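Data file: final10.cif. Format and content: mmCIF, C-alpha atoms.
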```cif
data_entry
loop_
_atom_site.label_atom_id
_atom_site.label_comp_id
_atom_site.auth_asym_id
_atom_site.auth_seq_id
_atom_site.Cartn_x
_atom_site.Cartn_y
_atom_site.Cartn_z
CA MET U 972 5.84 -7.23 -12.20
CA THR U 973 8.85 -8.90 -10.70
CA VAL U 974 7.10 -11.38 -8.44
CA VAL U 975 7.64 -14.55 -10.42
CA SER U 976 5.59 -17.01 -8.44
CA THR U 977 3.95 -17.61 -5.12
CA GLU U 978 2.91 -20.85 -3.52
CA LYS U 979 0.71 -21.41 -0.51
CA ASP U 980 0.91 -24.76 1.21
CA THR U 981 -1.88 -25.10 3.74
CA GLU U 982 -0.60 -28.49 4.89
CA ALA U 983 2.99 -27.50 5.57
CA LEU U 984 1.76 -23.99 6.51
CA THR U 985 4.25 -22.20 4.33
CA LEU U 986 4.11 -19.32 1.91
CA THR U 987 6.79 -19.17 -0.77
CA ILE U 988 7.31 -16.04 -2.82
CA VAL U 989 9.84 -15.82 -5.65
CA ALA U 990 10.83 -12.48 -7.12
CA GLU U 991 13.46 -11.22 -9.53
CA LEU U 992 15.28 -8.10 -8.47
CA ALA U 993 17.23 -5.85 -10.85
CA ALA U 994 20.41 -5.78 -8.74
CA PRO U 995 23.14 -8.27 -7.88
CA PRO U 996 22.82 -10.37 -4.69
CA GLU U 997 25.46 -8.25 -2.92
CA ARG U 998 23.25 -5.18 -3.36
CA ALA U 999 19.99 -6.98 -2.53
CA TRP U 1000 21.64 -8.29 0.65
CA GLN U 1001 21.82 -4.73 1.96
CA LEU U 1002 18.02 -4.60 2.03
CA PHE U 1003 18.28 -6.91 5.05
CA ALA U 1004 21.71 -6.09 6.45
CA ASP U 1005 21.22 -2.32 6.60
CA PRO U 1006 18.46 -1.39 9.07
CA ARG U 1007 17.91 1.96 7.34
CA GLN U 1008 17.04 0.13 4.13
CA LEU U 1009 15.18 -2.64 5.93
CA GLU U 1010 12.78 -0.26 7.62
CA ARG U 1011 11.86 1.31 4.30
CA TRP U 1012 10.30 -1.88 2.98
CA TRP U 1013 9.27 -3.96 6.01
CA GLY U 1014 6.23 -1.97 7.09
CA PRO U 1015 3.33 -0.95 4.88
CA PRO U 1016 3.32 2.76 3.90
CA THR U 1017 0.66 3.58 6.48
CA TRP U 1018 2.50 1.57 9.17
CA PRO U 1019 6.16 2.48 8.59
CA ALA U 1020 8.69 0.45 10.55
CA THR U 1021 11.51 1.81 12.70
CA PHE U 1022 14.30 -0.63 13.56
CA TYR U 1023 15.97 0.62 16.74
CA GLU U 1024 18.03 -2.52 17.30
CA HIS U 1025 19.71 -4.60 14.60
CA ASP U 1026 22.40 -7.01 15.73
CA PHE U 1027 23.06 -8.67 12.38
CA THR U 1028 24.81 -11.77 13.72
CA VAL U 1029 23.66 -15.36 14.19
CA GLU U 1030 21.49 -15.41 17.34
CA GLY U 1031 21.50 -11.62 17.19
CA ARG U 1032 18.30 -9.70 17.74
CA ALA U 1033 16.54 -6.92 15.90
CA ALA U 1034 13.71 -4.89 17.36
CA TYR U 1035 11.30 -2.58 15.63
CA TYR U 1036 8.01 -0.84 15.98
CA MET U 1037 5.54 0.19 13.35
CA THR U 1038 3.65 3.44 13.70
CA GLY U 1039 0.03 3.55 12.63
CA PRO U 1040 -1.97 6.40 11.11
CA ASP U 1041 -3.13 7.59 14.55
CA GLY U 1042 0.29 7.30 16.13
CA GLU U 1043 -0.38 3.89 17.67
CA LYS U 1044 2.64 1.61 17.84
CA ALA U 1045 2.93 -2.12 17.16
CA GLY U 1046 6.18 -3.72 18.32
CA GLY U 1047 8.06 -6.64 16.86
CA TRP U 1048 11.36 -8.46 17.07
CA TRP U 1049 13.56 -10.63 14.88
CA ARG U 1050 16.08 -13.24 15.89
CA PHE U 1051 18.64 -14.09 13.23
CA LEU U 1052 18.95 -17.86 12.91
CA GLY U 1053 21.35 -18.11 9.99
CA ILE U 1054 23.39 -15.63 7.94
CA ASP U 1055 25.34 -16.58 4.84
CA GLU U 1056 26.20 -13.35 3.01
CA PRO U 1057 25.05 -12.77 0.29
CA ARG U 1058 23.26 -16.06 -0.30
CA SER U 1059 20.85 -16.87 2.50
CA LEU U 1060 19.35 -15.53 5.67
CA SER U 1061 16.82 -16.92 8.11
CA PHE U 1062 15.13 -15.24 11.00
CA GLU U 1063 12.27 -15.56 13.41
CA ASP U 1064 9.73 -12.74 13.63
CA GLY U 1065 7.48 -12.16 16.61
CA PHE U 1066 5.47 -9.61 18.53
CA ALA U 1067 6.89 -7.33 21.20
CA ASP U 1068 5.36 -5.17 23.90
CA THR U 1069 5.92 -1.42 24.17
CA ASP U 1070 9.29 -2.01 25.85
CA GLY U 1071 10.44 -4.23 22.99
CA GLN U 1072 10.18 -7.39 25.08
CA PRO U 1073 8.97 -10.48 23.17
CA VAL U 1074 5.39 -11.47 23.91
CA ASP U 1075 5.69 -15.23 24.24
CA SER U 1076 1.97 -15.90 24.10
CA MET U 1077 1.83 -14.50 20.58
CA PRO U 1078 2.56 -16.45 17.41
CA THR U 1079 5.98 -16.27 15.80
CA THR U 1080 6.82 -16.95 12.18
CA ARG U 1081 10.11 -17.99 10.62
CA ALA U 1082 11.36 -16.76 7.28
CA ARG U 1083 14.12 -18.04 5.03
CA VAL U 1084 15.51 -15.76 2.33
CA GLU U 1085 17.64 -17.04 -0.54
CA LEU U 1086 19.38 -14.82 -3.05
CA GLN U 1087 20.58 -16.43 -6.27
CA GLU U 1088 22.51 -14.62 -8.99
CA ILE U 1089 20.84 -14.59 -12.42
CA PRO U 1090 21.82 -12.67 -15.61
CA THR U 1091 19.33 -9.87 -14.85
CA GLY U 1092 20.24 -9.57 -11.18
CA THR U 1093 18.92 -11.67 -8.31
CA ARG U 1094 16.31 -14.31 -7.90
CA MET U 1095 14.99 -13.95 -4.37
CA THR U 1096 13.06 -16.77 -2.72
CA ILE U 1097 11.36 -16.12 0.60
CA VAL U 1098 9.66 -18.93 2.50
CA SER U 1099 7.55 -18.06 5.54
CA PHE U 1100 6.90 -20.88 7.99
CA PHE U 1101 4.00 -20.89 10.43
CA ARG U 1102 4.21 -23.13 13.46
CA SER U 1103 0.66 -24.42 13.56
CA SER U 1104 -2.76 -23.86 12.11
CA ALA U 1105 -3.86 -22.85 15.61
CA GLU U 1106 -1.37 -19.97 15.48
CA LEU U 1107 -2.54 -19.04 12.02
CA GLU U 1108 -6.03 -18.81 13.43
CA GLN U 1109 -4.78 -16.71 16.31
CA LEU U 1110 -3.17 -14.30 13.86
CA ALA U 1111 -6.35 -14.16 11.82
CA GLN U 1112 -8.52 -13.54 14.85
CA MET U 1113 -6.37 -10.64 15.95
CA GLY U 1114 -7.18 -8.96 12.69
CA MET U 1115 -3.66 -7.59 12.47
CA VAL U 1116 -2.96 -9.10 9.13
CA GLU U 1117 -6.25 -7.88 7.74
CA GLY U 1118 -5.41 -4.39 8.93
CA MET U 1119 -2.01 -4.50 7.33
CA THR U 1120 -3.45 -5.80 4.09
CA ALA U 1121 -5.93 -2.97 4.01
CA ALA U 1122 -3.10 -0.49 4.52
CA MET U 1123 -1.23 -1.97 1.62
CA GLY U 1124 -4.06 -1.06 -0.71
CA GLN U 1125 -2.73 2.48 -0.51
CA ILE U 1126 0.60 1.61 -2.06
CA ASP U 1127 -0.75 1.94 -5.55
CA GLY U 1128 -1.82 5.48 -4.78
CA ILE U 1129 1.62 6.38 -3.43
CA LEU U 1130 3.30 4.89 -6.49
CA ALA U 1131 0.98 6.85 -8.78
CA GLU U 1132 2.06 10.08 -7.09
CA GLY U 1133 5.64 9.26 -8.01
CA MET D 1203 2.28 -3.14 -7.44
CA VAL D 1204 -0.34 -4.75 -5.30
CA VAL D 1205 -2.37 -7.53 -6.76
CA ARG D 1206 -5.77 -7.63 -5.18
CA GLN D 1207 -6.80 -11.20 -4.86
CA GLN D 1208 -10.32 -12.41 -4.61
CA GLU D 1209 -10.96 -13.65 -1.14
CA ARG D 1210 -10.64 -17.37 -1.17
CA THR D 1211 -13.47 -19.20 0.41
CA GLU D 1212 -13.32 -22.26 -1.80
CA LEU D 1213 -10.87 -25.10 -1.35
CA ASP D 1214 -8.42 -25.91 -4.09
CA ASP D 1215 -8.09 -29.39 -5.57
CA ARG D 1216 -5.23 -30.50 -3.35
CA GLU D 1217 -7.04 -29.44 -0.21
CA VAL D 1218 -10.15 -31.29 -1.32
CA ASP D 1219 -8.03 -34.35 -2.10
CA ARG D 1220 -6.53 -34.33 1.37
CA ILE D 1221 -9.94 -34.05 2.99
CA PHE D 1222 -11.38 -36.92 0.95
CA GLN D 1223 -8.32 -39.06 1.55
CA ALA D 1224 -8.56 -38.36 5.25
CA LEU D 1225 -12.23 -39.35 5.28
CA ALA D 1226 -11.74 -42.43 3.10
CA ASP D 1227 -10.87 -44.47 6.18
CA SER D 1228 -13.69 -45.69 8.44
CA THR D 1229 -11.71 -45.21 11.67
CA ARG D 1230 -10.91 -41.64 10.74
CA ARG D 1231 -14.54 -40.92 9.85
CA ASP D 1232 -15.49 -42.27 13.26
CA VAL D 1233 -12.89 -40.05 14.98
CA VAL D 1234 -14.25 -36.97 13.19
CA VAL D 1235 -17.83 -37.80 14.21
CA ARG D 1236 -16.77 -38.28 17.83
CA VAL D 1237 -14.77 -35.06 18.14
CA LEU D 1238 -17.27 -32.93 16.19
CA GLY D 1239 -19.96 -34.18 18.54
CA ASP D 1240 -17.93 -32.89 21.44
CA SER D 1241 -16.11 -29.92 19.95
CA GLU D 1242 -16.38 -27.81 23.11
CA ARG D 1243 -14.34 -30.04 25.37
CA GLY D 1244 -12.65 -32.15 22.76
CA GLN D 1245 -11.48 -35.68 23.35
CA SER D 1246 -8.10 -36.91 24.45
CA VAL D 1247 -6.21 -39.19 22.09
CA SER D 1248 -6.15 -41.86 24.79
CA SER D 1249 -9.93 -41.80 25.26
CA LEU D 1250 -10.37 -41.99 21.48
CA ALA D 1251 -7.97 -44.91 21.36
CA SER D 1252 -10.08 -46.85 23.88
CA HIS D 1253 -12.81 -47.14 21.22
CA TYR D 1254 -10.66 -48.95 18.69
CA ALA D 1255 -8.91 -52.28 18.56
CA MET D 1256 -5.61 -50.72 17.59
CA SER D 1257 -2.58 -49.25 19.27
CA PHE D 1258 -2.42 -45.74 20.71
CA ALA D 1259 0.26 -44.93 18.11
CA ALA D 1260 -2.00 -46.07 15.27
CA VAL D 1261 -4.80 -43.82 16.52
CA GLN D 1262 -2.32 -40.98 16.80
CA ARG D 1263 -1.37 -41.48 13.17
CA HIS D 1264 -5.01 -41.32 12.10
CA VAL D 1265 -5.43 -38.13 14.10
CA ALA D 1266 -2.33 -36.71 12.40
CA VAL D 1267 -3.84 -37.38 8.95
CA LEU D 1268 -7.04 -35.62 10.00
CA GLU D 1269 -5.02 -32.76 11.45
CA ARG D 1270 -3.12 -32.30 8.19
CA ALA D 1271 -6.41 -32.20 6.32
CA GLY D 1272 -7.56 -29.44 8.68
CA LEU D 1273 -10.46 -31.49 9.97
CA VAL D 1274 -9.31 -31.64 13.57
CA ARG D 1275 -7.02 -29.68 15.82
CA LYS D 1276 -4.82 -31.12 18.48
CA GLU D 1277 -3.65 -29.34 21.58
CA ARG D 1278 -1.95 -30.26 24.78
CA ARG D 1279 -3.79 -30.14 28.08
CA GLY D 1280 -1.43 -31.18 30.82
CA ARG D 1281 -0.16 -34.58 29.82
CA GLU D 1282 -3.08 -35.25 27.50
CA GLN D 1283 -3.43 -34.46 23.83
CA ILE D 1284 -6.90 -33.10 23.17
CA VAL D 1285 -8.46 -33.44 19.72
CA ARG D 1286 -11.15 -31.06 18.53
CA GLY D 1287 -13.10 -31.02 15.32
CA ASP D 1288 -12.34 -28.04 13.09
CA VAL D 1289 -13.74 -27.89 9.59
CA THR D 1290 -12.87 -24.24 9.08
CA THR D 1291 -9.12 -24.51 9.62
CA VAL D 1292 -8.14 -25.23 6.06
CA ARG D 1293 -10.14 -22.31 4.80
CA ALA D 1294 -8.78 -20.01 7.49
CA ALA D 1295 -5.23 -21.08 6.71
CA ALA D 1296 -5.63 -20.53 2.98
CA ARG D 1297 -7.13 -17.11 3.52
CA LEU D 1298 -4.42 -16.03 5.92
CA LEU D 1299 -1.66 -17.28 3.66
CA ALA D 1300 -3.23 -15.26 0.84
CA GLU D 1301 -3.03 -12.19 3.04
CA TYR D 1302 0.62 -12.85 3.84
CA GLU D 1303 1.21 -13.17 0.14
CA GLU D 1304 -0.15 -9.68 -0.41
CA LEU D 1305 1.96 -8.37 2.42
CA TRP D 1306 5.10 -9.81 0.83
CA ARG D 1307 4.14 -8.57 -2.64
CA GLY D 1308 4.03 -5.09 -1.16
CA ARG D 1309 7.43 -5.59 0.44
CA VAL D 1310 8.97 -6.78 -2.81
CA THR D 1311 7.60 -3.71 -4.58
CA ARG D 1312 9.24 -1.47 -2.00
CA MET D 1313 12.52 -3.41 -2.27
CA GLU D 1314 12.54 -2.78 -6.01
CA GLN D 1315 12.02 0.93 -5.47
CA ILE D 1316 15.01 1.06 -3.14
CA LEU D 1317 17.17 -0.92 -5.57
CA ALA D 1318 16.18 1.41 -8.41
CA GLU D 1319 17.71 4.39 -6.62
CA PRO D 1320 21.12 5.65 -7.77
CA GLU D 1321 24.08 3.98 -6.06
CA GLY D 1322 25.25 5.71 -2.91
CA ASP D 1323 21.98 7.54 -2.35
CA ASP D 1324 21.23 6.91 1.30
CA SER D 1325 18.27 9.22 1.54
#
```
Here is the file; what I need is its structure written in the form of structure tokens.
Amino acid sequence: MTVVSTEKDTEALTLTIVAELAAPPERAWQLFADPRQLERWWGPPTWPATFYEHDFTVEGRAAYYMTGPDGEKAGGWWRFLGIDEPRSLSFEDGFADTDGQPVDSMPTTRARVELQEIPTGTRMTIVSFFRSSAELEQLAQMGMVEGMTAAMGQIDGILAEG
Amino acid sequence: MVVRQQERTELDDREVDRIFQALADSTRRDVVVRVLGDSERGQSVSSLASHYAMSFAAVQRHVAVLERAGLVRKERRGREQIVRGDVTTVRAAARLLAEYEELWRGRVTRMEQILAEPEGDDS
């Protein structure tokens, strides 16, 4: 278990997750910088992500879709807000329509990733920021998160298969 | 590894503290009663302020304390700020954050798997 700690702050509307990875920051950085690696961990196994745009520059945009078990697609986009290789990265994450265009009426979240070198590899801290409790409610009502959480229950099975 | 968490329907100590602190003030209790009694339409901050012998800014600060405690929600309607009572927000927020936590735990697990692969293996 490499997740060291998590903290939920319902007042500031943030989720902080700290994990220790068995690789140096330069290697861990590639998980974000390389879209082929990024798409292997971003989506749950039953909703794999495909990043078809990945302009890894400040103010650059990434676009992806996730494909569900019945072939349905859910689009999303990132906007890179800050890049400091290999130490920190922040980006905004939102919903997109089938053409990859941002859906402005939908909630967006912001994430800040920090990679710190430790003797065993990298301590990674990811903070997710939500804009308002109203948007959190909107996300909850859509049931998207619930659906994704349910899909994640299958990870254990996939890991057990090797 | 995915850690299944029990669904959280109870408030933790800090959340309870915030709610009690928010309700410790008589003006704030009065605001909550007013907006809960009219949760469909809500009340504008300015109409709330007309009930109290204090400045608009002071009423706004009270509303902000209640908002942080999850007891009310504020939204903009035109030039007005509308306040609505919402006792479920804190619970909804905690539950959703727990779900995001699971999502990220899954992502970290997949990151580890990728990092465990031999160097230079792009498959």
Chain U residues within 6 Å of chain D, counting only C-alpha atoms: which ones, as a list in words?
Thr981, Glu982 and Trp1012 of chain U
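Note on the selection: in this file the PyMOL selection byres ((chain U and resi 1097) around 9) comes out as U:Leu986, U:Thr987, U:Ile988, U:Val989, U:Ala990, U:Ala1082, U:Arg1083, U:Val1084, U:Glu1085, U:Leu1086, U:Met1095, U:Thr1096, U:Val1098, U:Ser1099, D:Trp1306.
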Selection from above, C-alpha atoms, as a PDB file, in the frame of the given file, can you write it?
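The result, written out as selection-v4.pdb:
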```
ATOM      1  CA  LEU U 986       4.110 -19.320   1.910  1.00  0.00           C
ATOM      2  CA  THR U 987       6.790 -19.170  -0.770  1.00  0.00           C
ATOM      3  CA  ILE U 988       7.310 -16.040  -2.820  1.00  0.00           C
ATOM      4  CA  VAL U 989       9.840 -15.820  -5.650  1.00  0.00           C
ATOM      5  CA  ALA U 990      10.830 -12.480  -7.120  1.00  0.00           C
ATOM      6  CA  ALA U1082      11.360 -16.760   7.280  1.00  0.00           C
ATOM      7  CA  ARG U1083      14.120 -18.040   5.030  1.00  0.00           C
ATOM      8  CA  VAL U1084      15.510 -15.760   2.330  1.00  0.00           C
ATOM      9  CA  GLU U1085      17.640 -17.040  -0.540  1.00  0.00           C
ATOM     10  CA  LEU U1086      19.380 -14.820  -3.050  1.00  0.00           C
ATOM     11  CA  MET U1095      14.990 -13.950  -4.370  1.00  0.00           C
ATOM     12  CA  THR U1096      13.060 -16.770  -2.720  1.00  0.00           C
ATOM     13  CA  VAL U1098       9.660 -18.930   2.500  1.00  0.00           C
ATOM     14  CA  SER U1099       7.550 -18.060   5.540  1.00  0.00           C
TER      15      SER U1099
ATOM     16  CA  TRP D1306       5.100  -9.810   0.830  1.00  0.00           C
TER      17      TRP D1306
END
```
Could you tell me which residues the PyMOL selection byres ((chain U and resi 996) around 10) grabs in this file, written as an mmCIF file with C-alpha atoms, in the frame of the given file?
```cif
data_model
loop_
_atom_site.group_PDB
_atom_site.id
_atom_site.type_symbol
_atom_site.label_atom_id
_atom_site.label_comp_id
_atom_site.auth_asym_id
_atom_site.auth_seq_id
_atom_site.Cartn_x
_atom_site.Cartn_y
_atom_site.Cartn_z
ATOM 1 C CA LEU U 992 15.280 -8.100 -8.470
ATOM 2 C CA ALA U 993 17.230 -5.850 -10.850
ATOM 3 C CA ALA U 994 20.410 -5.780 -8.740
ATOM 4 C CA PRO U 995 23.140 -8.270 -7.880
ATOM 5 C CA GLU U 997 25.460 -8.250 -2.920
ATOM 6 C CA ARG U 998 23.250 -5.180 -3.360
ATOM 7 C CA ALA U 999 19.990 -6.980 -2.530
ATOM 8 C CA TRP U 1000 21.640 -8.290 0.650
ATOM 9 C CA GLN U 1001 21.820 -4.730 1.960
ATOM 10 C CA GLU U 1056 26.200 -13.350 3.010
ATOM 11 C CA PRO U 1057 25.050 -12.770 0.290
ATOM 12 C CA ARG U 1058 23.260 -16.060 -0.300
ATOM 13 C CA SER U 1059 20.850 -16.870 2.500
ATOM 14 C CA GLU U 1085 17.640 -17.040 -0.540
ATOM 15 C CA LEU U 1086 19.380 -14.820 -3.050
ATOM 16 C CA GLN U 1087 20.580 -16.430 -6.270
ATOM 17 C CA GLU U 1088 22.510 -14.620 -8.990
ATOM 18 C CA ILE U 1089 20.840 -14.590 -12.420
ATOM 19 C CA GLY U 1092 20.240 -9.570 -11.180
ATOM 20 C CA THR U 1093 18.920 -11.670 -8.310
ATOM 21 C CA ARG U 1094 16.310 -14.310 -7.900
ATOM 22 C CA MET U 1095 14.990 -13.950 -4.370
#
```
Can you pull out every residue within 10 Å of Pro1019 in chain U, counting all atoms listed in the file, but drop anything in the same chain fewer than 6 positions away, and send it as a ChimeraX atom specification?
/U:1010-1013,1036-1040,1044
Find the residues near Gly1046 in chain U: any atom within 6 Å, counting all atoms listed in the file, skip ones fewer than 3 places away on the same chain, and give them as a tab-separated table (two decimals) with C-alpha atoms, in the coordinates of the input.
```tsv
chain	number	residue	atom	x	y	z
U	1035	TYR	CA	11.30	-2.58	15.63
U	1036	TYR	CA	8.01	-0.84	15.98
U	1066	PHE	CA	5.47	-9.61	18.53
U	1067	ALA	CA	6.89	-7.33	21.20
U	1068	ASP	CA	5.36	-5.17	23.90
```
Mind checking which residues fall within 8 Å of Thr1079 in chain U, counting all atoms listed in the file, ignoring those fewer than 5 positions away in the same chain, and posting them as a ChimeraX atom specification?
/U:1063-1066,1101-1102
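Reported to one decimal place, the separation of CA of Asp980 in chain U from CA of Arg1278 in chain D is 24.4 Å.
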If you count all atoms listed in the file, which residues fall within 10 Å of Val1285 in chain D, apart from same-chain ones fewer than 5 positions away, as a CSV table (one decimal) with C-alpha atoms, keeping the file's coordinate frame?
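Produced file result.csv, reproduced below:
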```csv
chain,number,residue,atom,x,y,z
D,1233,VAL,CA,-12.9,-40.0,15.0
D,1234,VAL,CA,-14.2,-37.0,13.2
D,1236,ARG,CA,-16.8,-38.3,17.8
D,1237,VAL,CA,-14.8,-35.1,18.1
D,1238,LEU,CA,-17.3,-32.9,16.2
D,1240,ASP,CA,-17.9,-32.9,21.4
D,1241,SER,CA,-16.1,-29.9,20.0
D,1243,ARG,CA,-14.3,-30.0,25.4
D,1244,GLY,CA,-12.6,-32.2,22.8
D,1245,GLN,CA,-11.5,-35.7,23.4
D,1246,SER,CA,-8.1,-36.9,24.4
D,1247,VAL,CA,-6.2,-39.2,22.1
D,1250,LEU,CA,-10.4,-42.0,21.5
D,1265,VAL,CA,-5.4,-38.1,14.1
D,1269,GLU,CA,-5.0,-32.8,11.4
D,1274,VAL,CA,-9.3,-31.6,13.6
D,1275,ARG,CA,-7.0,-29.7,15.8
D,1276,LYS,CA,-4.8,-31.1,18.5
D,1277,GLU,CA,-3.6,-29.3,21.6
D,1278,ARG,CA,-2.0,-30.3,24.8
```
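Residues matched by the PyMOL selection byres ((chain U and resi 1025-1028) around 10) in this file: Phe1003, Ala1004, Asp1005, Pro1006, Arg1007, Leu1009, Phe1022, Tyr1023, Glu1024, Val1029, Glu1030, Gly1031, Arg1032, Ala1033, Ala1034, Tyr1035, Trp1048, Trp1049, Arg1050, Phe1051, Leu1052, Gly1053 and Ile1054 of chain U.
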One decimal, in Å: what's the spacing between CA of Phe1062 in chain U and CA of Glu978 in chain U?
19.8 Å
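Here CA of Met1077 in chain U and CA of Thr977 in chain U stand 26.0 Å from one another.
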